[in-house]
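So this one's model_30.tsv, TSV, C-alpha atoms:
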chain	number	residue	atom	x	y	z
A	1	MET	CA	-20.46	-146.37	8.25
A	2	THR	CA	-24.08	-146.18	7.09
A	3	ALA	CA	-26.19	-149.24	6.56
A	4	LEU	CA	-26.08	-148.73	2.79
A	5	GLU	CA	-22.29	-149.13	2.80
A	6	ASP	CA	-22.64	-152.62	4.27
A	7	PRO	CA	-25.20	-154.37	2.06
A	8	PRO	CA	-25.91	-158.07	2.52
A	9	ASP	CA	-23.81	-160.43	0.43
A	10	LEU	CA	-26.20	-161.68	-2.26
A	11	ASP	CA	-25.81	-165.14	-3.77
A	12	ARG	CA	-25.43	-164.38	-7.48
A	13	LEU	CA	-26.52	-167.88	-8.48
A	14	ILE	CA	-29.91	-167.36	-6.81
A	15	HIS	CA	-30.16	-163.65	-7.63
A	16	GLU	CA	-30.59	-164.21	-11.37
A	17	PRO	CA	-34.33	-163.42	-12.00
A	18	GLY	CA	-35.11	-166.68	-13.81
A	19	ARG	CA	-33.49	-168.85	-11.12
A	20	LEU	CA	-35.01	-166.79	-8.29
A	21	THR	CA	-38.46	-167.28	-9.85
A	22	ILE	CA	-37.92	-171.04	-10.24
A	23	LEU	CA	-36.76	-171.44	-6.63
A	24	THR	CA	-39.60	-169.25	-5.28
A	25	ILE	CA	-42.21	-171.31	-7.14
A	26	LEU	CA	-40.67	-174.61	-6.03
A	27	ALA	CA	-40.49	-173.36	-2.43
A	28	SER	CA	-44.22	-172.57	-2.49
A	29	ILE	CA	-45.11	-176.08	-3.71
A	30	ARG	CA	-43.44	-179.40	-2.96
A	31	GLU	CA	-42.52	-180.35	-6.50
A	32	GLY	CA	-43.53	-179.62	-10.05
A	33	ASP	CA	-42.79	-180.95	-13.49
A	34	PHE	CA	-40.95	-179.19	-16.31
A	35	VAL	CA	-44.15	-178.08	-18.08
A	36	PHE	CA	-45.53	-176.54	-14.88
A	37	LEU	CA	-42.33	-174.54	-14.34
A	38	GLN	CA	-42.27	-173.50	-17.99
A	39	ARG	CA	-45.85	-172.19	-17.82
A	40	THR	CA	-45.44	-170.38	-14.50
A	41	THR	CA	-42.03	-168.79	-15.25
A	42	GLY	CA	-42.60	-167.99	-18.95
A	43	LEU	CA	-39.04	-169.18	-19.69
A	44	SER	CA	-38.23	-170.95	-22.95
A	45	LYS	CA	-37.40	-174.67	-22.80
A	46	GLY	CA	-33.71	-174.00	-23.39
A	47	ASN	CA	-33.45	-171.27	-20.75
A	48	LEU	CA	-35.37	-173.25	-18.17
A	49	SER	CA	-33.26	-176.33	-18.83
A	50	SER	CA	-30.05	-174.32	-18.48
A	51	HIS	CA	-31.18	-172.68	-15.21
A	52	LEU	CA	-32.26	-176.04	-13.79
A	53	SER	CA	-28.89	-177.61	-14.62
A	54	LYS	CA	-27.10	-174.83	-12.72
A	55	LEU	CA	-29.44	-175.12	-9.75
A	56	GLU	CA	-29.03	-178.89	-9.69
A	57	ALA	CA	-25.24	-178.61	-9.87
A	58	ALA	CA	-25.38	-176.26	-6.86
A	59	GLY	CA	-27.52	-178.76	-4.95
A	60	LEU	CA	-30.52	-176.41	-4.77
A	61	VAL	CA	-32.95	-178.59	-6.72
A	62	GLU	CA	-33.30	-182.30	-7.49
A	63	ILE	CA	-34.28	-183.42	-10.97
A	64	GLU	CA	-35.88	-186.79	-11.56
A	65	LYS	CA	-36.54	-188.08	-15.06
A	66	ARG	CA	-39.29	-190.67	-15.15
A	67	PHE	CA	-42.14	-192.06	-17.22
A	68	LEU	CA	-45.79	-191.20	-16.52
A	69	SER	CA	-48.30	-193.19	-18.57
A	70	LYS	CA	-45.40	-194.28	-20.82
A	71	LYS	CA	-44.47	-190.65	-21.54
A	72	PRO	CA	-41.23	-189.03	-20.32
A	73	ASN	CA	-41.73	-186.59	-17.49
A	74	THR	CA	-39.14	-184.45	-15.70
A	75	ASN	CA	-39.98	-183.78	-12.09
A	76	ILE	CA	-38.20	-181.04	-10.14
A	77	SER	CA	-38.21	-180.59	-6.37
A	78	ILE	CA	-36.42	-178.09	-4.16
A	79	THR	CA	-33.82	-179.36	-1.69
A	80	THR	CA	-33.50	-178.21	1.91
A	81	ALA	CA	-30.47	-176.12	0.87
A	82	GLY	CA	-32.51	-174.57	-1.96
A	83	ARG	CA	-35.40	-173.71	0.35
A	84	ARG	CA	-33.03	-172.15	2.91
A	85	GLY	CA	-31.17	-170.31	0.15
A	86	VAL	CA	-34.21	-168.71	-1.44
A	87	THR	CA	-35.72	-167.79	1.94
A	88	ARG	CA	-32.45	-166.13	2.98
A	89	HIS	CA	-32.22	-164.38	-0.38
A	90	TRP	CA	-35.68	-162.80	-0.11
A	91	LYS	CA	-34.84	-161.70	3.44
A	92	GLN	CA	-31.67	-160.05	2.15
A	93	LEU	CA	-33.62	-158.31	-0.62
A	94	GLU	CA	-36.12	-157.06	1.96
A	95	GLN	CA	-33.22	-155.83	4.13
A	96	LEU	CA	-31.87	-153.92	1.14
A	97	ARG	CA	-35.28	-152.38	0.54
A	98	ASP	CA	-35.53	-151.39	4.21
A	99	MET	CA	-32.05	-149.79	4.09
A	100	ASP	CA	-33.11	-147.66	1.13
A	101	PRO	CA	-36.88	-147.33	0.65
A	102	ASN	CA	-36.22	-146.16	-2.92
A	103	THR	CA	-34.77	-149.57	-3.82
A	104	ASP	CA	-36.92	-151.15	-6.49
A	105	LEU	CA	-37.23	-154.91	-6.02
A	106	GLU	CA	-39.19	-155.07	-9.26
A	107	GLY	CA	-35.88	-154.92	-11.04
A	108	ALA	CA	-34.36	-157.72	-8.99
B	1	MET	CA	-40.21	-159.11	-9.14
B	2	ASN	CA	-42.16	-159.78	-5.98
B	3	ARG	CA	-42.17	-162.93	-3.86
B	4	LEU	CA	-45.91	-162.80	-3.16
B	5	ASP	CA	-46.74	-162.30	-6.86
B	6	ILE	CA	-44.68	-165.34	-7.83
B	7	GLU	CA	-46.26	-167.48	-5.10
B	8	ALA	CA	-49.75	-166.27	-6.12
B	9	SER	CA	-48.98	-167.19	-9.73
B	10	ALA	CA	-47.95	-170.72	-8.65
B	11	ALA	CA	-51.15	-171.04	-6.56
B	12	ARG	CA	-53.30	-169.89	-9.50
B	13	ALA	CA	-51.59	-172.37	-11.83
B	14	THR	CA	-52.32	-175.13	-9.29
B	15	TYR	CA	-55.89	-174.32	-8.24
B	16	LEU	CA	-57.55	-172.33	-11.05
B	17	ARG	CA	-57.93	-175.32	-13.37
B	18	GLY	CA	-61.53	-174.30	-13.76
B	19	LEU	CA	-62.57	-176.53	-16.64
B	20	SER	CA	-62.30	-179.47	-14.17
B	21	ALA	CA	-65.36	-178.08	-12.37
B	22	ILE	CA	-67.55	-178.22	-15.49
B	23	PRO	CA	-68.42	-181.97	-15.41
B	24	LEU	CA	-69.39	-181.62	-11.73
B	25	GLY	CA	-71.48	-178.56	-12.60
B	26	LEU	CA	-73.21	-180.47	-15.41
B	27	PHE	CA	-73.82	-183.37	-12.99
B	28	PHE	CA	-75.70	-181.05	-10.62
B	29	LEU	CA	-77.46	-179.34	-13.52
B	30	VAL	CA	-78.68	-182.37	-15.50
B	31	PRO	CA	-78.87	-185.73	-13.64
B	32	LEU	CA	-79.55	-184.20	-10.21
B	33	GLY	CA	-81.46	-181.07	-11.25
B	34	LEU	CA	-83.20	-181.40	-14.60
B	35	PHE	CA	-84.12	-185.08	-14.21
B	36	SER	CA	-85.67	-184.40	-10.78
B	37	LEU	CA	-87.51	-181.37	-12.12
B	38	LEU	CA	-88.96	-183.37	-15.00
B	39	ASP	CA	-89.40	-186.40	-12.74
B	40	ALA	CA	-87.62	-188.38	-15.44
B	41	GLY	CA	-85.12	-190.28	-13.32
B	42	ASN	CA	-87.54	-192.91	-12.03
B	43	SER	CA	-88.57	-194.56	-15.31
B	44	GLY	CA	-86.40	-197.31	-16.82
B	45	THR	CA	-85.40	-195.19	-19.81
B	46	GLY	CA	-84.72	-192.21	-17.55
B	47	GLN	CA	-82.33	-194.23	-15.40
B	48	TRP	CA	-80.40	-195.37	-18.48
B	49	TRP	CA	-80.15	-191.79	-19.67
B	50	GLN	CA	-78.90	-190.74	-16.25
B	51	LEU	CA	-76.24	-193.47	-16.29
B	52	ALA	CA	-75.18	-192.56	-19.83
B	53	ILE	CA	-74.84	-188.88	-18.92
B	54	VAL	CA	-72.82	-189.69	-15.78
B	55	ALA	CA	-70.50	-191.93	-17.85
B	56	LEU	CA	-70.03	-189.13	-20.40
B	57	LEU	CA	-69.24	-186.65	-17.62
B	58	VAL	CA	-66.62	-189.01	-16.14
B	59	ILE	CA	-64.98	-189.33	-19.59
B	60	LEU	CA	-65.09	-185.53	-19.96
B	61	GLU	CA	-63.43	-185.09	-16.54
B	62	VAL	CA	-60.63	-187.51	-17.47
B	63	ALA	CA	-60.08	-185.66	-20.78
B	64	ILE	CA	-59.96	-182.27	-19.03
B	65	ARG	CA	-57.45	-183.53	-16.46
B	66	HIS	CA	-55.29	-184.88	-19.28
B	67	TYR	CA	-55.48	-181.50	-21.03
B	68	TYR	CA	-54.33	-179.64	-17.89
B	69	ARG	CA	-51.57	-182.19	-17.19
B	70	THR	CA	-50.09	-181.89	-20.68
B	71	ARG	CA	-50.63	-178.13	-21.25
B	72	PHE	CA	-50.10	-176.71	-17.75
B	73	GLY	CA	-48.01	-179.40	-16.06
B	74	VAL	CA	-48.31	-181.03	-12.68
B	75	ALA	CA	-47.54	-179.54	-9.28
B	76	ARG	CA	-47.74	-181.26	-5.93
B	77	ARG	CA	-48.21	-179.23	-2.79
B	78	GLY	CA	-46.01	-179.72	0.25
B	79	ARG	CA	-46.99	-181.05	3.63
B	80	VAL	CA	-50.57	-180.21	4.55
B	81	SER	CA	-50.53	-177.23	6.87
B	82	TRP	CA	-53.48	-176.32	9.07
B	83	ARG	CA	-54.09	-173.31	6.86
B	84	ARG	CA	-54.63	-175.54	3.85
B	85	ALA	CA	-56.27	-178.43	5.72
B	86	VAL	CA	-59.02	-176.23	7.20
B	87	PRO	CA	-60.78	-175.33	3.91
B	88	ASN	CA	-60.72	-178.95	2.83
B	89	LEU	CA	-62.29	-180.01	6.15
B	90	VAL	CA	-64.79	-177.15	6.37
B	91	PHE	CA	-65.87	-177.41	2.71
B	92	PRO	CA	-67.73	-180.77	2.92
B	93	VAL	CA	-69.26	-179.91	6.31
B	94	VAL	CA	-70.76	-176.60	5.10
B	95	PHE	CA	-71.55	-178.05	1.67
B	96	VAL	CA	-73.51	-181.05	2.97
B	97	GLY	CA	-74.76	-179.25	6.10
B	98	GLY	CA	-77.10	-176.95	4.16
B	99	LEU	CA	-78.48	-179.84	2.11
B	100	LEU	CA	-79.16	-181.94	5.23
B	101	LEU	CA	-80.84	-178.96	6.90
B	102	ASP	CA	-83.14	-178.46	3.90
B	103	MET	CA	-83.97	-182.19	3.79
B	104	ARG	CA	-84.86	-182.08	7.47
B	105	LEU	CA	-86.98	-178.94	7.12
B	106	HIS	CA	-88.82	-180.22	4.07
B	107	ALA	CA	-89.37	-183.70	5.52
B	108	ASP	CA	-91.52	-182.19	8.23
B	109	VAL	CA	-92.94	-179.02	6.72
B	110	ALA	CA	-95.68	-178.69	9.30
B	111	SER	CA	-93.30	-178.30	12.23
B	112	ALA	CA	-90.70	-176.20	10.39
B	113	PRO	CA	-90.82	-172.45	11.07
B	114	THR	CA	-92.78	-170.67	8.32
B	115	TRP	CA	-89.97	-168.27	7.49
B	116	THR	CA	-87.64	-171.15	6.53
B	117	ARG	CA	-89.95	-172.57	3.85
B	118	HIS	CA	-88.85	-170.29	1.05
B	119	LEU	CA	-85.13	-169.97	1.85
B	120	SER	CA	-82.48	-172.35	0.53
B	121	ALA	CA	-80.07	-173.74	3.12
B	122	THR	CA	-78.70	-175.97	0.33
B	123	MET	CA	-77.74	-173.00	-1.85
B	124	LEU	CA	-76.42	-171.12	1.20
B	125	GLY	CA	-74.18	-174.06	2.14
B	126	PHE	CA	-72.92	-174.55	-1.43
B	127	ALA	CA	-72.19	-170.85	-1.99
B	128	VAL	CA	-70.51	-170.23	1.39
B	129	ALA	CA	-68.43	-173.42	1.14
B	130	THR	CA	-67.22	-172.46	-2.34
B	131	LEU	CA	-66.39	-168.92	-1.22
B	132	LEU	CA	-64.42	-170.29	1.75
B	133	TRP	CA	-62.55	-172.79	-0.41
B	134	HIS	CA	-61.48	-170.10	-2.88
B	135	ARG	CA	-60.61	-167.60	-0.16
B	136	LEU	CA	-58.32	-170.00	1.69
B	137	ASN	CA	-56.73	-171.80	-1.26
B	138	VAL	CA	-56.11	-169.23	-3.95
B	139	GLY	CA	-57.69	-165.94	-2.87
B	140	LEU	CA	-61.04	-164.51	-3.95
B	141	GLN	CA	-61.26	-163.16	-7.48
B	142	ALA	CA	-63.76	-160.49	-8.53
B	143	HIS	CA	-65.96	-163.03	-10.31
B	144	ASP	CA	-66.02	-165.29	-7.19
B	145	LEU	CA	-67.37	-162.41	-5.12
B	146	ARG	CA	-70.01	-161.54	-7.69
B	147	LEU	CA	-71.11	-165.10	-8.42
B	148	TRP	CA	-70.88	-166.91	-5.06
B	149	GLY	CA	-71.54	-163.75	-3.03
B	150	GLY	CA	-74.64	-163.12	-5.15
B	151	LEU	CA	-75.85	-166.71	-4.65
B	152	THR	CA	-75.25	-166.43	-0.87
B	153	VAL	CA	-77.56	-163.40	-0.79
B	154	LEU	CA	-80.08	-165.08	-3.11
B	155	ALA	CA	-80.17	-168.16	-0.84
B	156	MET	CA	-81.43	-165.96	2.01
B	157	LEU	CA	-84.22	-164.34	-0.02
B	158	PRO	CA	-87.72	-165.89	0.03
B	159	VAL	CA	-87.69	-166.92	-3.61
B	160	TRP	CA	-87.30	-170.69	-3.22
B	161	GLY	CA	-89.54	-173.72	-3.08
B	162	TRP	CA	-92.66	-172.28	-4.69
B	163	GLY	CA	-92.91	-175.29	-7.03
B	164	GLY	CA	-93.52	-177.88	-4.29
B	165	GLU	CA	-91.94	-179.31	-1.16
B	166	ASP	CA	-88.80	-180.74	-2.81
B	167	SER	CA	-88.33	-177.97	-5.34
B	168	THR	CA	-85.93	-175.93	-3.16
B	169	ILE	CA	-83.25	-178.62	-3.32
B	170	THR	CA	-83.77	-179.25	-7.05
B	171	GLN	CA	-83.64	-175.53	-7.85
B	172	SER	CA	-80.49	-175.20	-5.73
B	173	PHE	CA	-78.81	-178.11	-7.52
B	174	MET	CA	-79.55	-176.59	-10.91
B	175	LEU	CA	-78.45	-173.09	-9.98
B	176	PHE	CA	-75.30	-174.40	-8.28
B	177	GLY	CA	-74.51	-176.55	-11.34
B	178	GLY	CA	-74.92	-173.59	-13.69
B	179	ALA	CA	-72.80	-171.41	-11.41
B	180	LEU	CA	-70.04	-174.07	-11.28
B	181	VAL	CA	-69.91	-174.22	-15.08
B	182	LEU	CA	-69.73	-170.42	-15.33
B	183	ALA	CA	-67.14	-170.13	-12.53
B	184	GLY	CA	-65.07	-172.88	-14.17
B	185	LEU	CA	-64.94	-170.98	-17.45
B	186	LEU	CA	-64.06	-167.72	-15.68
B	187	ASP	CA	-61.34	-169.43	-13.57
B	188	HIS	CA	-59.82	-170.97	-16.68
B	189	ARG	CA	-59.84	-167.62	-18.49
B	190	LEU	CA	-58.11	-166.03	-15.50
B	191	LEU	CA	-55.54	-168.85	-15.37
B	192	VAL	CA	-54.63	-168.41	-19.04
B	193	ALA	CA	-54.50	-164.61	-18.73
B	194	SER	CA	-52.38	-164.63	-15.57
B	195	LEU	CA	-49.59	-166.89	-16.81
B	196	PRO	CA	-46.59	-165.15	-18.39
B	197	THR	CA	-46.24	-165.20	-22.16
B	198	GLN	CA	-44.29	-168.27	-23.21
B	199	LEU	CA	-40.93	-167.31	-24.70
B	200	PRO	CA	-39.74	-169.40	-27.64
B	201	ASP	CA	-36.17	-170.66	-27.76
B	202	PRO	CA	-34.02	-168.48	-30.06
B	203	PRO	CA	-33.08	-170.06	-33.39
B	204	LEU	CA	-29.94	-172.20	-33.26
B	205	ALA	CA	-28.01	-169.74	-35.45
B	206	VAL	CA	-28.53	-167.00	-32.87
B	207	GLN	CA	-27.42	-169.27	-30.03
B	208	VAL	CA	-24.03	-170.07	-31.59
B	209	THR	CA	-23.26	-166.53	-32.77
B	210	PRO	CA	-20.66	-165.06	-30.39
Let me see the file written as structure tokens.
Amino acid sequence: MTALEDPPDLDRLIHEPGRLTILTILASIREGDFVFLQRTTGLSKGNLSSHLSKLEAAGLVEIEKRFLSKKPNTNISITTAGRRGVTRHWKQLEQLRDMDPNTDLEGA
Amino acid sequence: MNRLDIEASAARATYLRGLSAIPLGLFFLVPLGLFSLLDAGNSGTGQWWQLAIVALLVILEVAIRHYYRTRFGVARRGRVSWRRAVPNLVFPVVFVGGLLLDMRLHADVASAPTWTRHLSATMLGFAVATLLWHRLNVGLQAHDLRLWGGLTVLAMLPVWGWGGEDSTITQSFMLFGGALVLAGLLDHRLLVASLPTQLPDPPLAVQVTP
């Protein structure tokens, strides 16, 4: 059996490009608000909201709705499980790339 | 999709909020630089003008922070690692170190070595500290290298202090202030250009169509 026949088992929830981007950004900071994630991911409000709901349901992020200067603000932070998950996922993607140097992670 | 690109984008969105540097740049340029140059800060009217300008700059800074908070959001960094703590510790030391050295040299011109009289330790400290801060926090951009690298070289050329004993520090303040304003505008332009295009939500009719 070659290495390519035994690829790592990717978590499809994390593998979706929008969710992978959100988790990677949150892992590189401690927490960010909805507007920050919207600007850095380029996702529409609806898409970002939908991805965040799925990530929250999976226990990968925590969402806190609060008021800052009397204005509503949604704060999102990554959980320990989310941080572990995204770190493991990037390692798996790098393993895949190492198995086949022609693998294009740009399309991940 | 690349992990490092995504992390760099998050770092740029956190640190390249360049317009925030403009009030500080104007503070160095006008109250500290121009008023000293014109010797206008000592009169009663001059002091009131200085206070008024500082108050305006504080209001401007608050407005700019509000703009960034509402348009670009808020991010809080994680635990302070040594890698991130170092630039924040080194920055004030190098920044103030050059200024103190110049003050010491110019306080006792007679005993200072001749070759130091027309160099600017103040400008050298400011430029090196700013280069270090950018390098360690967000990575050096092309305009950082040109601007702060150029000022580092300029600080070591004998072009300073020809207008009198205190003029080196005043000239450094003004040049640093102008450079901060310019760098702030360039950082902001880079921030806006580097963020992905914002996608609008599709119309409701499209969302419900199977």
Residues near B:Leu175, anyone? I mean within 12 Å using only C-alpha atoms, not counting same-chain ones fewer than 6 positions away, as a short mmCIF file (atom, residue, chain, number, x, y, z; two decimals) with C-alpha atoms, keeping the file's coordinate frame.
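And here's part_28.cif as it stands now:
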data_model
loop_
_atom_site.label_atom_id
_atom_site.label_comp_id
_atom_site.auth_asym_id
_atom_site.auth_seq_id
_atom_site.Cartn_x
_atom_site.Cartn_y
_atom_site.Cartn_z
CA GLY B 25 -71.48 -178.56 -12.60
CA LEU B 26 -73.21 -180.47 -15.41
CA PHE B 27 -73.82 -183.37 -12.99
CA PHE B 28 -75.70 -181.05 -10.62
CA LEU B 29 -77.46 -179.34 -13.52
CA VAL B 30 -78.68 -182.37 -15.50
CA LEU B 32 -79.55 -184.20 -10.21
CA GLY B 33 -81.46 -181.07 -11.25
CA LEU B 34 -83.20 -181.40 -14.60
CA SER B 120 -82.48 -172.35 0.53
CA THR B 122 -78.70 -175.97 0.33
CA MET B 123 -77.74 -173.00 -1.85
CA LEU B 124 -76.42 -171.12 1.20
CA PHE B 126 -72.92 -174.55 -1.43
CA ALA B 127 -72.19 -170.85 -1.99
CA LEU B 147 -71.11 -165.10 -8.42
CA TRP B 148 -70.88 -166.91 -5.06
CA GLY B 150 -74.64 -163.12 -5.15
CA LEU B 151 -75.85 -166.71 -4.65
CA THR B 152 -75.25 -166.43 -0.87
CA LEU B 154 -80.08 -165.08 -3.11
CA ALA B 155 -80.17 -168.16 -0.84
CA TRP B 160 -87.30 -170.69 -3.22
CA SER B 167 -88.33 -177.97 -5.34
CA THR B 168 -85.93 -175.93 -3.16
CA ILE B 169 -83.25 -178.62 -3.32
CA VAL B 181 -69.91 -174.22 -15.08
CA LEU B 182 -69.73 -170.42 -15.33
CA ALA B 183 -67.14 -170.13 -12.53
#
- prompt: Which one of A:Ile22, A:Leu10, A:Ile29, A:Leu52 sits closest to chain B if you count only C-alpha atoms?
  reply: A:Ile29
query: Distance atom CA of A:Leu60-atom CA of A:Leu23, one decimal place?
result: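 These atoms are spaced 8.2 Å apart.
Proximity to A:Arg84 at 10 Å, evaluated using only C-alpha atoms and with sequence-adjacent residues fewer than 5 positions away removed, yields Ala27, Leu60, Ile78, Thr79 and His89 of chain A.
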How about saving the chosen residues, C-alpha atoms kept, as a PDB file, in the frame of the given file?
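Output saved as result_24.pdb:
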ATOM      1  CA  ALA A  27     -40.490-173.360  -2.430  1.00  0.00           C
ATOM      2  CA  LEU A  60     -30.520-176.410  -4.770  1.00  0.00           C
ATOM      3  CA  ILE A  78     -36.420-178.090  -4.160  1.00  0.00           C
ATOM      4  CA  THR A  79     -33.820-179.360  -1.690  1.00  0.00           C
ATOM      5  CA  HIS A  89     -32.220-164.380  -0.380  1.00  0.00           C
TER       6      HIS A  89
END
Give me, as a Markdown table, each residue of chain A that comes within 10 Å of chain B, together with its shortest interatomic pair and the distance in Å at one decimal, counting all atoms listed in the file, with rows ordered by chain and rising residue number.
| residue | atom | partner | partner_atom | distance |
| --- | --- | --- | --- | --- |
| A:Pro17 | CA | B:Met1 | CA | 7.8 |
| A:Leu20 | CA | B:Arg3 | CA | 9.3 |
| A:Thr21 | CA | B:Ile6 | CA | 6.8 |
| A:Ile22 | CA | B:Ile6 | CA | 9.2 |
| A:Thr24 | CA | B:Glu7 | CA | 6.9 |
| A:Ile25 | CA | B:Glu7 | CA | 5.9 |
| A:Leu26 | CA | B:Ala10 | CA | 8.7 |
| A:Ala27 | CA | B:Glu7 | CA | 8.7 |
| A:Ser28 | CA | B:Glu7 | CA | 6.1 |
| A:Ile29 | CA | B:Arg77 | CA | 4.5 |
| A:Arg30 | CA | B:Gly78 | CA | 4.1 |
| A:Glu31 | CA | B:Arg76 | CA | 5.3 |
| A:Gly32 | CA | B:Ala75 | CA | 4.1 |
| A:Asp33 | CA | B:Val74 | CA | 5.6 |
| A:Phe34 | CA | B:Gly73 | CA | 7.1 |
| A:Val35 | CA | B:Gly73 | CA | 4.6 |
| A:Phe36 | CA | B:Gly73 | CA | 4.0 |
| A:Leu37 | CA | B:Gly73 | CA | 7.7 |
| A:Gln38 | CA | B:Gln198 | CA | 7.7 |
| A:Arg39 | CA | B:Phe72 | CA | 6.2 |
| A:Thr40 | CA | B:Leu195 | CA | 5.9 |
| A:Thr41 | CA | B:Pro196 | CA | 6.6 |
| A:Gly42 | CA | B:Gln198 | CA | 4.6 |
| A:Leu43 | CA | B:Leu199 | CA | 5.7 |
| A:Ser44 | CA | B:Leu199 | CA | 4.9 |
| A:Lys45 | CA | B:Asp201 | CA | 6.5 |
| A:Gly46 | CA | B:Asp201 | CA | 6.0 |
| A:Asn47 | CA | B:Asp201 | CA | 7.5 |
| A:Leu48 | CA | B:Asp201 | CA | 10.0 |
| A:Asn73 | CA | B:Gly73 | CA | 9.7 |
| A:Asn75 | CA | B:Val74 | CA | 8.8 |
| A:Ile76 | CA | B:Ala75 | CA | 9.5 |
| A:Ser77 | CA | B:Arg76 | CA | 9.6 |
| A:Thr87 | CA | B:Arg3 | CA | 9.9 |
| A:Trp90 | CA | B:Arg3 | CA | 7.5 |
| A:Asp104 | CA | B:Met1 | CA | 9.0 |
| A:Leu105 | CA | B:Met1 | CA | 6.0 |
| A:Glu106 | CA | B:Met1 | CA | 4.2 |
| A:Gly107 | CA | B:Met1 | CA | 6.3 |
| A:Ala108 | CA | B:Met1 | CA | 6.0 |
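Take atom CA of B:Asp5 and atom CA of B:Gly139: the distance between them is 12.2 Å.
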Distance of atom CA of B:Gln50 from atom CA of B:Ser36, expressed in Å to one decimal place: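 Separation of atom CA of B:Ser36 and atom CA of B:Gln50: 10.8 Å.
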query: Hey, which of A:His51, A:Lys65, A:Arg88, A:Lys71 ends up closest to A:Asp9? Count only C-alpha atoms.
result: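 Among the listed residues, A:Arg88 lies closest to A:Asp9.
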As lines of an AutoDock Vina configuration file, please report the centre and edge lengths, rounded to one decimal in Å, of the axis-aligned box that holds all listed atoms of stretch 54-58 of chain A with 4 Å of padding on each of the six sides.
center_x = -27.3
center_y = -176.9
center_z = -9.8
size_x = 12.2
size_y = 12.1
size_z = 13.9
message: Env of B:Arg65: 9 Å cut, atoms = only C-alpha atoms, seq-sep filter 6 positions within chain, self excluded. Answer as number ranges by chain.
response: B: 17, 19-20
Can those selected residues be exported to a file as a CSV table (one decimal), in the coordinates of the input so that it contains C-alpha atoms?
chain,number,residue,atom,x,y,z
B,17,ARG,CA,-57.9,-175.3,-13.4
B,19,LEU,CA,-62.6,-176.5,-16.6
B,20,SER,CA,-62.3,-179.5,-14.2
